[in-house]
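A.B. asks: This is data.cif (mmCIF, C-alpha atoms).
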data_protein
#
loop_
_atom_site.label_atom_id
_atom_site.label_comp_id
_atom_site.auth_asym_id
_atom_site.auth_seq_id
_atom_site.Cartn_x
_atom_site.Cartn_y
_atom_site.Cartn_z
CA MET A 1139 -28.53 -26.52 24.24
CA MET A 1140 -30.27 -28.56 26.96
CA MET A 1141 -26.94 -30.04 27.96
CA LEU A 1142 -25.46 -26.57 28.39
CA SER A 1143 -28.49 -25.46 30.40
CA SER A 1144 -28.18 -28.46 32.72
CA GLU A 1145 -24.48 -27.77 33.13
CA ASN A 1146 -25.17 -24.18 34.10
CA LYS A 1147 -27.79 -25.27 36.61
CA ILE A 1148 -25.26 -27.54 38.29
CA LEU A 1149 -22.68 -24.75 38.39
CA TYR A 1150 -25.10 -22.21 39.82
CA PHE A 1151 -26.36 -24.73 42.38
CA GLY A 1152 -22.78 -25.43 43.44
CA LEU A 1153 -22.05 -21.70 43.71
CA ALA A 1154 -25.20 -21.08 45.77
CA THR A 1155 -24.27 -23.97 48.09
CA LEU A 1156 -20.75 -22.61 48.49
CA LEU A 1157 -22.00 -19.10 49.30
CA LEU A 1158 -24.48 -20.50 51.83
CA TYR A 1159 -21.67 -22.47 53.48
CA PHE A 1160 -19.43 -19.41 53.68
CA LEU A 1161 -22.29 -17.30 55.08
CA SER A 1162 -23.03 -19.85 57.81
CA MET A 1163 -19.33 -20.03 58.69
CA ASP A 1164 -19.14 -16.23 58.84
CA ILE A 1165 -22.01 -16.21 61.32
CA MET A 1166 -20.24 -18.81 63.45
CA LEU A 1167 -17.01 -16.82 63.26
CA TYR A 1168 -18.80 -13.68 64.45
CA GLN A 1169 -20.32 -15.57 67.37
CA THR A 1170 -16.92 -17.07 68.21
CA ILE A 1171 -15.28 -13.65 68.31
CA GLN A 1172 -18.05 -12.27 70.51
CA LEU A 1173 -17.54 -15.15 72.97
CA LYS A 1174 -13.79 -14.65 73.22
CA VAL A 1175 -12.64 -13.92 76.76
CA ILE A 1176 -9.73 -11.60 77.44
CA GLY A 1177 -7.66 -12.86 80.34
CA GLY A 1178 -7.58 -16.47 81.36
CA VAL A 1179 -5.51 -19.61 81.51
CA LYS A 1180 -5.68 -22.13 78.65
CA LEU A 1181 -5.95 -25.71 79.78
CA PRO A 1182 -3.86 -28.35 77.99
CA LYS A 1183 -5.47 -29.66 74.82
CA PRO A 1184 -6.72 -33.25 74.92
CA LYS A 1185 -4.87 -35.87 72.88
CA ASP A 1186 -7.85 -36.29 70.54
CA TYR A 1187 -8.01 -32.55 69.94
CA THR A 1188 -9.21 -31.73 66.43
CA PRO A 1189 -8.70 -28.19 65.11
CA THR A 1190 -11.60 -26.30 63.56
CA PRO A 1191 -11.78 -22.92 61.79
CA PHE A 1192 -12.80 -21.42 65.15
CA THR A 1193 -10.22 -22.89 67.52
CA ASP A 1194 -6.66 -21.58 67.69
CA LEU A 1195 -8.03 -18.44 66.07
CA THR A 1196 -5.50 -15.73 65.20
CA VAL A 1197 -5.91 -12.36 63.53
CA LYS A 1198 -4.27 -13.67 60.37
CA LEU A 1199 -6.63 -16.63 60.14
CA ALA A 1200 -9.69 -14.49 60.90
CA CYS A 1201 -8.75 -12.03 58.12
CA SER A 1202 -7.85 -14.75 55.59
CA ASP A 1203 -10.20 -15.27 52.68
CA HIS A 1204 -13.11 -17.68 52.97
CA TRP A 1205 -11.43 -20.46 51.01
CA VAL A 1206 -8.29 -20.47 53.13
CA HIS A 1207 -10.11 -20.12 56.43
CA PHE A 1208 -12.99 -22.50 55.83
CA VAL A 1209 -11.77 -24.95 53.17
CA TYR A 1210 -8.02 -25.20 52.61
CA MET A 1211 -6.71 -24.77 56.14
CA PRO A 1212 -9.17 -27.10 57.93
CA SER A 1213 -8.73 -29.81 55.30
CA ALA A 1214 -4.92 -29.44 55.34
CA GLU A 1215 -4.86 -29.64 59.16
CA LEU A 1216 -7.17 -32.66 59.04
CA PHE A 1217 -4.96 -34.35 56.44
CA GLU A 1218 -1.87 -33.80 58.59
CA SER A 1219 -3.50 -35.00 61.81
CA SER A 1220 -5.04 -38.05 60.09
CA THR A 1221 -1.99 -39.20 58.14
CA ASN A 1222 0.90 -37.76 60.18
CA PHE A 1223 2.40 -36.78 56.84
CA SER A 1224 5.21 -34.73 58.39
CA GLY A 1225 6.09 -37.60 60.68
CA HIS A 1226 6.23 -40.18 57.89
CA PHE A 1227 8.08 -37.84 55.50
CA PRO A 1228 10.27 -35.64 57.72
CA TRP A 1229 12.51 -34.80 54.75
CA VAL A 1230 9.65 -32.95 53.04
CA THR A 1231 10.07 -29.29 54.01
CA ALA A 1232 7.61 -26.42 53.74
CA ASN A 1233 9.74 -24.83 50.99
CA MET A 1234 9.55 -28.06 48.97
CA VAL A 1235 5.76 -27.90 49.21
CA SER A 1236 5.88 -24.25 48.13
CA PHE A 1237 7.86 -25.09 44.98
CA THR A 1238 5.48 -27.99 44.34
CA HIS A 1239 2.48 -25.68 44.30
CA LEU A 1240 4.39 -23.38 41.93
CA ALA A 1241 4.89 -26.33 39.56
CA THR A 1242 1.18 -27.10 39.88
CA ALA A 1243 0.41 -23.51 38.88
CA ILE A 1244 2.48 -23.98 35.72
CA ILE A 1245 0.45 -27.09 34.85
CA SER A 1246 -2.72 -25.11 35.54
CA GLY A 1247 -1.58 -22.30 33.24
CA LYS A 1248 -0.95 -24.77 30.43
CA PHE A 1249 -4.54 -26.03 30.62
CA MET A 1250 -5.96 -22.50 30.80
CA LEU A 1251 -4.37 -21.60 27.46
CA SER A 1252 -6.78 -23.97 25.72
CA ASP A 1253 -9.73 -22.68 23.70
CA ASP A 1254 -11.80 -25.54 25.12
CA LEU A 1255 -13.78 -24.31 28.14
CA ASN A 1256 -13.66 -27.71 29.82
CA MET A 1257 -9.86 -27.75 29.50
CA ARG A 1258 -9.71 -24.30 31.12
CA ARG A 1259 -11.89 -25.61 33.91
CA MET A 1260 -9.42 -28.45 34.34
CA GLY A 1261 -6.76 -25.75 34.72
CA ILE A 1262 -8.85 -24.17 37.48
CA PHE A 1263 -9.00 -27.55 39.20
CA PHE A 1264 -5.21 -27.70 39.23
CA PHE A 1265 -5.05 -24.14 40.54
CA TYR A 1266 -7.34 -25.14 43.41
CA ILE A 1267 -4.85 -27.93 44.17
CA ARG A 1268 -2.11 -25.29 44.13
CA ASN A 1269 -4.05 -23.18 46.61
CA TRP A 1270 -4.52 -26.18 48.90
CA LEU A 1271 -0.79 -26.90 48.76
CA ASP A 1272 -0.18 -23.25 49.60
CA ALA A 1273 -2.10 -23.79 52.84
CA PHE A 1274 -0.44 -27.16 53.40
CA ASP A 1275 3.09 -25.74 53.32
CA GLY A 1276 2.24 -23.77 56.46
CA VAL A 1277 0.92 -26.93 58.10
CA VAL A 1278 4.17 -28.74 57.29
CA TYR A 1279 6.24 -25.87 58.67
CA ARG A 1280 4.27 -25.78 61.92
CA ALA A 1281 4.53 -29.55 62.29
CA HIS A 1282 8.33 -29.47 61.89
CA ALA A 1283 8.59 -26.46 64.22
CA HIS A 1284 6.33 -28.17 66.80
CA LYS A 1285 3.82 -25.33 66.52
CA LYS A 1286 0.80 -27.25 65.26
CA HIS A 1287 -2.42 -25.27 64.87
CA TYR A 1288 -0.45 -22.01 65.30
CA PHE A 1289 -1.47 -19.88 62.31
CA GLU A 1290 0.92 -16.95 61.98
CA SER A 1291 3.48 -15.44 59.63
CA VAL A 1292 7.13 -15.79 60.61
CA ARG A 1293 8.13 -12.47 59.13
CA GLY A 1294 11.68 -12.16 57.83
CA SER A 1295 12.32 -15.91 57.64
CA LEU A 1296 13.42 -17.77 54.51
CA GLY A 1297 10.12 -19.65 54.39
CA TYR A 1298 8.20 -16.37 54.52
CA LEU A 1299 10.21 -15.07 51.55
CA VAL A 1300 9.89 -18.30 49.55
CA ASP A 1301 6.14 -18.44 50.15
CA ALA A 1302 5.72 -14.82 49.04
CA ILE A 1303 7.77 -15.35 45.88
CA THR A 1304 5.99 -18.57 44.88
CA ASP A 1305 2.56 -17.04 45.55
CA THR A 1306 3.42 -14.01 43.42
CA ALA A 1307 4.78 -16.22 40.64
CA ALA A 1308 1.66 -18.43 40.69
CA THR A 1309 -0.60 -15.37 40.42
CA ALA A 1310 1.51 -14.05 37.53
CA ILE A 1311 1.18 -17.41 35.74
CA LEU A 1312 -2.60 -17.25 36.12
CA PHE A 1313 -2.78 -13.73 34.74
CA PHE A 1314 -0.43 -14.41 31.83
CA ALA A 1315 -2.46 -17.51 30.91
CA VAL A 1316 -5.63 -15.39 30.85
CA LEU A 1317 -3.80 -12.66 28.89
CA PHE A 1318 -2.60 -15.04 26.17
CA TRP A 1319 -6.02 -16.68 25.92
CA LEU A 1320 -7.78 -13.33 25.57
CA ARG A 1321 -5.28 -12.10 22.97
CA ARG A 1322 -6.02 -15.18 20.86
CA ASN A 1323 -9.73 -14.41 21.07
CA VAL A 1324 -9.70 -10.67 20.32
CA SER A 1325 -12.10 -11.10 17.41
CA ARG A 1326 -14.62 -12.78 19.71
CA LEU A 1327 -14.34 -9.98 22.25
CA CYS A 1328 -14.91 -7.32 19.58
CA LYS A 1329 -18.11 -9.01 18.43
CA GLU A 1330 -19.61 -9.19 21.91
CA SER A 1331 -21.90 -6.45 23.18
CA SER A 1332 -20.45 -3.65 25.27
CA VAL A 1333 -19.89 -4.67 28.86
CA LEU A 1334 -19.87 -1.31 30.65
CA PRO A 1335 -22.76 1.17 30.68
CA PHE A 1336 -20.55 4.05 29.53
CA ASP A 1337 -19.63 1.98 26.46
CA SER A 1338 -23.16 2.59 25.22
CA LYS A 1339 -24.86 5.58 23.61
CA ILE A 1340 -28.43 6.68 23.07
CA GLY A 1341 -29.73 5.38 19.79
CA LEU A 1342 -32.51 3.50 18.04
CA THR A 1343 -32.96 -0.05 19.35
CA GLU A 1344 -35.47 -2.80 18.61
CA ASN A 1345 -37.66 -1.48 21.43
CA GLY A 1346 -37.36 2.17 20.48
CA ILE A 1347 -34.91 4.81 21.64
CA GLY A 1348 -32.55 3.64 24.37
CA LEU A 1349 -28.96 2.77 25.20
CA LYS A 1350 -27.32 1.11 22.24
CA PRO A 1351 -24.01 -0.72 22.71
CA MET A 1352 -21.13 0.73 20.75
CA PRO A 1353 -18.79 -1.60 18.88
CA GLN A 1354 -15.81 -2.51 21.03
CA VAL A 1355 -12.27 -1.93 19.87
CA VAL A 1356 -10.20 -4.53 21.71
CA THR A 1357 -6.47 -4.91 21.18
CA GLY A 1358 -3.75 -6.86 22.92
CA LYS A 1359 -2.51 -3.63 24.54
CA ILE A 1360 -5.95 -2.88 25.99
CA ILE A 1361 -6.21 -6.38 27.44
CA PHE A 1362 -2.72 -6.11 28.90
CA PHE A 1363 -3.46 -2.71 30.45
CA LYS A 1364 -6.66 -3.96 32.09
CA LEU A 1365 -4.95 -7.01 33.58
CA LEU A 1366 -1.92 -4.94 34.61
CA THR A 1367 -4.16 -2.49 36.48
CA ILE A 1368 -5.87 -5.29 38.37
CA GLY A 1369 -2.54 -7.01 39.03
CA ILE A 1370 -1.02 -3.86 40.52
CA PHE A 1371 -3.88 -3.50 42.96
CA ILE A 1372 -3.76 -7.19 43.85
CA PHE A 1373 -0.12 -6.60 44.81
CA LEU A 1374 -1.10 -3.47 46.76
CA SER A 1375 -3.93 -5.32 48.49
CA SER A 1376 -1.56 -8.12 49.48
CA GLY A 1377 0.97 -5.71 50.98
CA CYS A 1378 -1.65 -3.69 52.85
CA TRP A 1379 -3.33 -6.86 54.16
CA ASP A 1380 -0.03 -8.15 55.51
CA LYS A 1381 0.75 -4.78 57.13
CA PHE A 1382 -2.64 -4.41 58.78
CA VAL A 1383 -2.73 -8.02 59.97
CA HIS A 1384 0.66 -7.57 61.61
CA GLU A 1385 -0.45 -4.39 63.38
CA TYR A 1386 -3.69 -5.96 64.60
CA GLU A 1387 -1.72 -9.02 65.77
CA VAL A 1388 0.49 -6.79 67.89
CA LEU A 1389 -2.54 -4.96 69.24
CA LEU A 1390 -4.71 -8.00 69.99
CA MET A 1391 -2.09 -10.71 70.46
CA GLY A 1392 0.69 -8.69 72.01
CA PRO A 1393 2.62 -9.08 75.23
CA GLU A 1394 0.98 -9.56 78.63
CA ALA A 1395 -1.57 -6.80 79.12
CA THR A 1396 -2.86 -5.23 82.29
CA ALA A 1397 -6.53 -5.51 83.21
CA GLN A 1398 -7.17 -2.07 81.72
CA GLN A 1399 -5.40 -3.01 78.49
CA GLN A 1400 -7.34 -6.25 78.31
CA VAL A 1401 -10.55 -4.22 78.33
CA LEU A 1402 -9.26 -2.30 75.31
CA GLN A 1403 -8.35 -5.54 73.51
CA SER A 1404 -11.82 -6.94 74.17
CA ASP A 1405 -13.57 -3.74 73.05
CA VAL A 1406 -11.56 -3.56 69.82
CA LEU A 1407 -11.96 -7.25 69.03
CA LYS A 1408 -15.73 -7.33 69.56
CA SER A 1409 -16.56 -3.99 67.97
CA SER A 1410 -18.69 -3.70 64.84
CA ALA A 1411 -15.88 -1.81 63.12
CA MET A 1412 -13.43 -4.66 63.72
CA TRP A 1413 -15.90 -7.21 62.36
CA MET A 1414 -16.46 -5.10 59.24
CA ILE A 1415 -12.70 -4.89 58.72
CA ILE A 1416 -12.26 -8.65 59.16
CA TRP A 1417 -15.13 -9.52 56.81
CA ILE A 1418 -14.29 -7.04 54.04
CA TRP A 1419 -10.62 -8.06 54.01
CA LYS A 1420 -11.71 -11.67 53.62
CA ILE A 1421 -13.23 -10.67 50.28
CA ILE A 1422 -10.89 -8.02 48.89
CA CYS A 1423 -7.54 -9.48 49.98
CA ALA A 1424 -5.36 -10.75 47.14
CA GLN A 1425 -6.17 -14.42 47.75
CA GLY A 1426 -9.89 -13.66 48.04
CA PHE A 1427 -9.88 -11.82 44.72
CA ILE A 1428 -8.03 -14.69 43.04
CA GLU A 1429 -10.63 -17.17 44.31
CA ILE A 1430 -13.40 -15.03 42.83
CA PHE A 1431 -11.46 -14.79 39.58
CA LEU A 1432 -11.20 -18.59 39.39
CA ILE A 1433 -14.97 -18.92 39.74
CA ILE A 1434 -15.44 -16.32 37.00
CA ILE A 1435 -13.22 -18.38 34.67
CA ILE A 1436 -15.32 -21.47 35.40
CA PHE A 1437 -18.43 -19.55 34.32
CA ASP A 1438 -16.60 -18.21 31.23
CA LYS A 1439 -17.23 -14.56 32.12
CA VAL A 1440 -13.60 -13.45 32.18
CA TRP A 1441 -13.82 -10.45 29.87
CA GLU A 1442 -16.89 -8.98 31.55
CA PHE A 1443 -15.28 -9.42 34.97
CA ILE A 1444 -12.01 -7.77 33.90
CA CYS A 1445 -13.80 -4.79 32.37
CA TRP A 1446 -15.71 -4.13 35.58
CA MET A 1447 -12.91 -4.89 38.05
CA GLN A 1448 -10.46 -2.61 36.24
CA TYR A 1449 -12.45 0.28 37.75
CA ILE A 1450 -14.14 -1.20 40.83
CA TYR A 1451 -11.32 -3.14 42.51
CA PRO A 1452 -8.78 -0.26 42.72
CA VAL A 1453 -11.40 2.03 44.28
CA VAL A 1454 -12.47 -0.60 46.81
CA VAL A 1455 -8.87 -1.41 47.80
CA ILE A 1456 -7.86 2.25 48.22
CA VAL A 1457 -11.00 3.20 50.15
CA PHE A 1458 -10.80 0.26 52.50
CA CYS A 1459 -7.08 0.68 53.11
CA VAL A 1460 -7.86 4.24 54.23
CA ILE A 1461 -10.73 3.01 56.44
CA THR A 1462 -8.51 0.38 58.07
CA GLU A 1463 -5.74 2.90 58.69
CA ILE A 1464 -8.25 5.30 60.25
CA HIS A 1465 -9.53 2.52 62.52
CA LEU A 1466 -6.02 1.67 63.71
CA HIS A 1467 -5.32 5.35 64.29
CA SER A 1468 -8.56 5.84 66.24
CA VAL A 1469 -7.69 2.89 68.49
CA SER A 1470 -4.24 4.34 69.17
CA ILE A 1471 -5.86 7.66 70.14
CA SER A 1472 -8.38 5.99 72.44
CA TYR A 1473 -5.56 4.28 74.34
CA PRO A 1474 -2.28 5.90 73.21
CA THR A 1475 0.02 4.45 75.89
CA TYR A 1476 -0.77 0.80 75.22
CA CYS A 1477 -0.88 1.12 71.44
CA HIS A 1478 2.39 3.05 71.32
CA VAL A 1479 4.13 0.32 73.29
CA SER A 1480 2.43 -2.59 71.54
CA LEU A 1481 2.90 -1.47 67.96
CA ALA A 1482 6.60 -0.90 68.64
CA GLN A 1483 7.09 -4.44 69.91
CA THR A 1484 9.12 -6.87 67.83
CA THR A 1485 8.65 -9.89 70.10
CA LYS A 1486 6.79 -12.94 68.87
CA CYS A 1487 3.06 -12.97 69.55
CA LEU A 1488 1.00 -15.83 70.85
CA PRO A 1489 -2.35 -16.73 69.22
CA PHE A 1490 -4.87 -14.31 70.74
CA GLN A 1491 -2.68 -14.41 73.84
CA SER A 1492 -4.68 -14.72 77.07
CA MET A 1493 -7.87 -15.39 75.12
CA ALA A 1494 -9.81 -18.54 75.89
CA TYR A 1495 -10.16 -21.07 73.07
CA ILE A 1496 -13.68 -22.07 72.21
CA GLY A 1497 -14.30 -25.57 73.46
CA HIS A 1498 -11.78 -25.23 76.30
CA VAL A 1499 -12.47 -24.01 79.82
CA SER A 1500 -10.79 -20.81 80.91
CA VAL A 1501 -10.44 -19.31 84.36
CA PRO A 1502 -9.67 -15.65 85.08
CA THR A 1503 -6.11 -14.70 85.82
CA LYS A 1504 -5.58 -13.47 89.39
CA LYS A 1505 -3.73 -10.24 89.80
CA SER A 1506 -0.62 -10.42 91.94
#
Translate the structure of the given file into structure tokens.

C.D. replies:
Amino acid sequence: MMMLSSENKILYFGLATLLLYFLSMDIMLYQTIQLKVIGGVKLPKPKDYTPTPFTDLTVKLACSDHWVHFVYMPSAELFESSTNFSGHFPWVTANMVSFTHLATAIISGKFMLSDDLNMRRMGIFFFYIRNWLDAFDGVVYRAHAHKKHYFESVRGSLGYLVDAITDTAATAILFFAVLFWLRRNVSRLCKESSVLPFDSKIGLTENGIGLKPMPQVVTGKIIFFKLLTIGIFIFLSSGCWDKFVHEYEVLLMGPEATAQQQVLQSDVLKSSAMWMIIWIWKIICAQGFIEIFLIIIIFDKVWEFICWMQYIYPVVVIVFCVITEIHLHSVSISYPTYCHVSLAQTTKCLPFQSMAYIGHVSVPTKKS
């Protein structure tokens, strides 16, 4: 028992440290966004330039979940710049890395089928490797395309399609592994106390009259339905995130803007509403939810989490998709001419075009 208690203390300490790190990085991200300057000329980057989560900032990177933005991407960029992996292995393509992380997900799923908690945790470790490789495939692509530190989606390309398919397949493997494990442990789930408040009824308890958990009836179909519901809204969240990121990229990273349009870009970027949208999407986006799910598996609270998220996650996703759409619509009303032109553009965007990079000097652009 003492050994289990010590193990839990280590896990909770690690989780608290991780949350504190993410919180501090969020504060720095907010300050970075507030210091962004619309209009200016970027000076050439020095040879010893080292990317950070706050330089070369794009809308996609800002809205990415905490793990991608503050762990996977910086470490993948650092690995590439330190080892020149793409230079030493030019035959390794981004799609090859994508299929590699899919194979890693299969290995992870095999471990997570085990009834041994430590073996399932080993599966989570492999899934974290998969997630890192998912970030690294973008680094490899940008290195081969000579677009280092340029975090964007190349919509419509083969790599974009391959990455989407492998990510979806990896998520499906994770969910099927959890499904099969839960189905094998139905008897254990039935014996546990009710998870949700409305699964209880008023009755006589040890402390008198109060809420008394009702016996749970858990079947394979119920487990499948719960996971299917969550999976559908993960897919919906992923699609909405990609749509909104693209529209904000066009708005904030679009073609050359006039001085008046630059004022709009700055106001939108630095507004409280935009920060709320960025921060909430970091948590509820598909990848963010998966990262939370992995932590839940480590703490062996899968069933409780699924029972709650079956109801909470769909509501949160729908409500926040509506809020984000309203925000985009309100911006288009406040400056209809610019937004109508920008959102119709199909040209490639530059990272926060005309915005100064933190750590680099910027001078205002003179009007002709």

A.B. asks: Can you measure CA of Leu1432 in chain A to CA of Phe1371 in chain A for me? One decimal in Å is fine.

C.D. replies: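 Interatomic distance here is 17.1 Å.
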
A.B. asks: Hey, which of A:His1465, A:Lys1381, A:His1284, A:Lys1364 ends up closest to Gly1225 in chain A? Count only C-alpha atoms.

C.D. replies: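 Using only C-alpha atoms, the shortest distance to Gly1225 in chain A belongs to A:His1284.
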
A.B. asks: Please return, as a PDB file with C-alpha atoms, in the coordinates of the input, all polymer residues that have at least one atom within 12 Å of the point (2.4, -21.3, 34.6); use all atoms listed in the file and the file's own coordinate frame.

C.D. replies:
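Contents of the output file out.pdb:
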ATOM      1  CA  HIS A1239       2.480 -25.680  44.300  1.00  0.00           C
ATOM      2  CA  LEU A1240       4.390 -23.380  41.930  1.00  0.00           C
ATOM      3  CA  ALA A1241       4.890 -26.330  39.560  1.00  0.00           C
ATOM      4  CA  THR A1242       1.180 -27.100  39.880  1.00  0.00           C
ATOM      5  CA  ALA A1243       0.410 -23.510  38.880  1.00  0.00           C
ATOM      6  CA  ILE A1244       2.480 -23.980  35.720  1.00  0.00           C
ATOM      7  CA  ILE A1245       0.450 -27.090  34.850  1.00  0.00           C
ATOM      8  CA  SER A1246      -2.720 -25.110  35.540  1.00  0.00           C
ATOM      9  CA  GLY A1247      -1.580 -22.300  33.240  1.00  0.00           C
ATOM     10  CA  LYS A1248      -0.950 -24.770  30.430  1.00  0.00           C
ATOM     11  CA  PHE A1249      -4.540 -26.030  30.620  1.00  0.00           C
ATOM     12  CA  MET A1250      -5.960 -22.500  30.800  1.00  0.00           C
ATOM     13  CA  LEU A1251      -4.370 -21.600  27.460  1.00  0.00           C
ATOM     14  CA  GLY A1261      -6.760 -25.750  34.720  1.00  0.00           C
ATOM     15  CA  ILE A1262      -8.850 -24.170  37.480  1.00  0.00           C
ATOM     16  CA  PHE A1264      -5.210 -27.700  39.230  1.00  0.00           C
ATOM     17  CA  PHE A1265      -5.050 -24.140  40.540  1.00  0.00           C
ATOM     18  CA  ARG A1268      -2.110 -25.290  44.130  1.00  0.00           C
ATOM     19  CA  THR A1304       5.990 -18.570  44.880  1.00  0.00           C
ATOM     20  CA  ASP A1305       2.560 -17.040  45.550  1.00  0.00           C
ATOM     21  CA  THR A1306       3.420 -14.010  43.420  1.00  0.00           C
ATOM     22  CA  ALA A1307       4.780 -16.220  40.640  1.00  0.00           C
ATOM     23  CA  ALA A1308       1.660 -18.430  40.690  1.00  0.00           C
ATOM     24  CA  THR A1309      -0.600 -15.370  40.420  1.00  0.00           C
ATOM     25  CA  ALA A1310       1.510 -14.050  37.530  1.00  0.00           C
ATOM     26  CA  ILE A1311       1.180 -17.410  35.740  1.00  0.00           C
ATOM     27  CA  LEU A1312      -2.600 -17.250  36.120  1.00  0.00           C
ATOM     28  CA  PHE A1313      -2.780 -13.730  34.740  1.00  0.00           C
ATOM     29  CA  PHE A1314      -0.430 -14.410  31.830  1.00  0.00           C
ATOM     30  CA  ALA A1315      -2.460 -17.510  30.910  1.00  0.00           C
ATOM     31  CA  VAL A1316      -5.630 -15.390  30.850  1.00  0.00           C
ATOM     32  CA  PHE A1318      -2.600 -15.040  26.170  1.00  0.00           C
TER      33      PHE A1318
END

A.B. asks: Which of these residues is nearest to Thr1462 in chain A, using only C-alpha atoms: A:Asn1256, A:Tyr1210, A:His1282, A:Ile1418?

C.D. replies: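 Once distances to Thr1462 in chain A are computed over only C-alpha atoms, the minimum belongs to A:Ile1418.
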
A.B. asks: Considering only C-alpha atoms, return as a PyMOL selection string whatever protein or nucleic-acid residues lie within 12 Å of Leu1153 in chain A, sequence-local ones (same chain, fewer than 6 positions apart) excluded.

C.D. replies: chain A and resi 1146-1147+1159-1160+1430+1433-1434+1436-1437
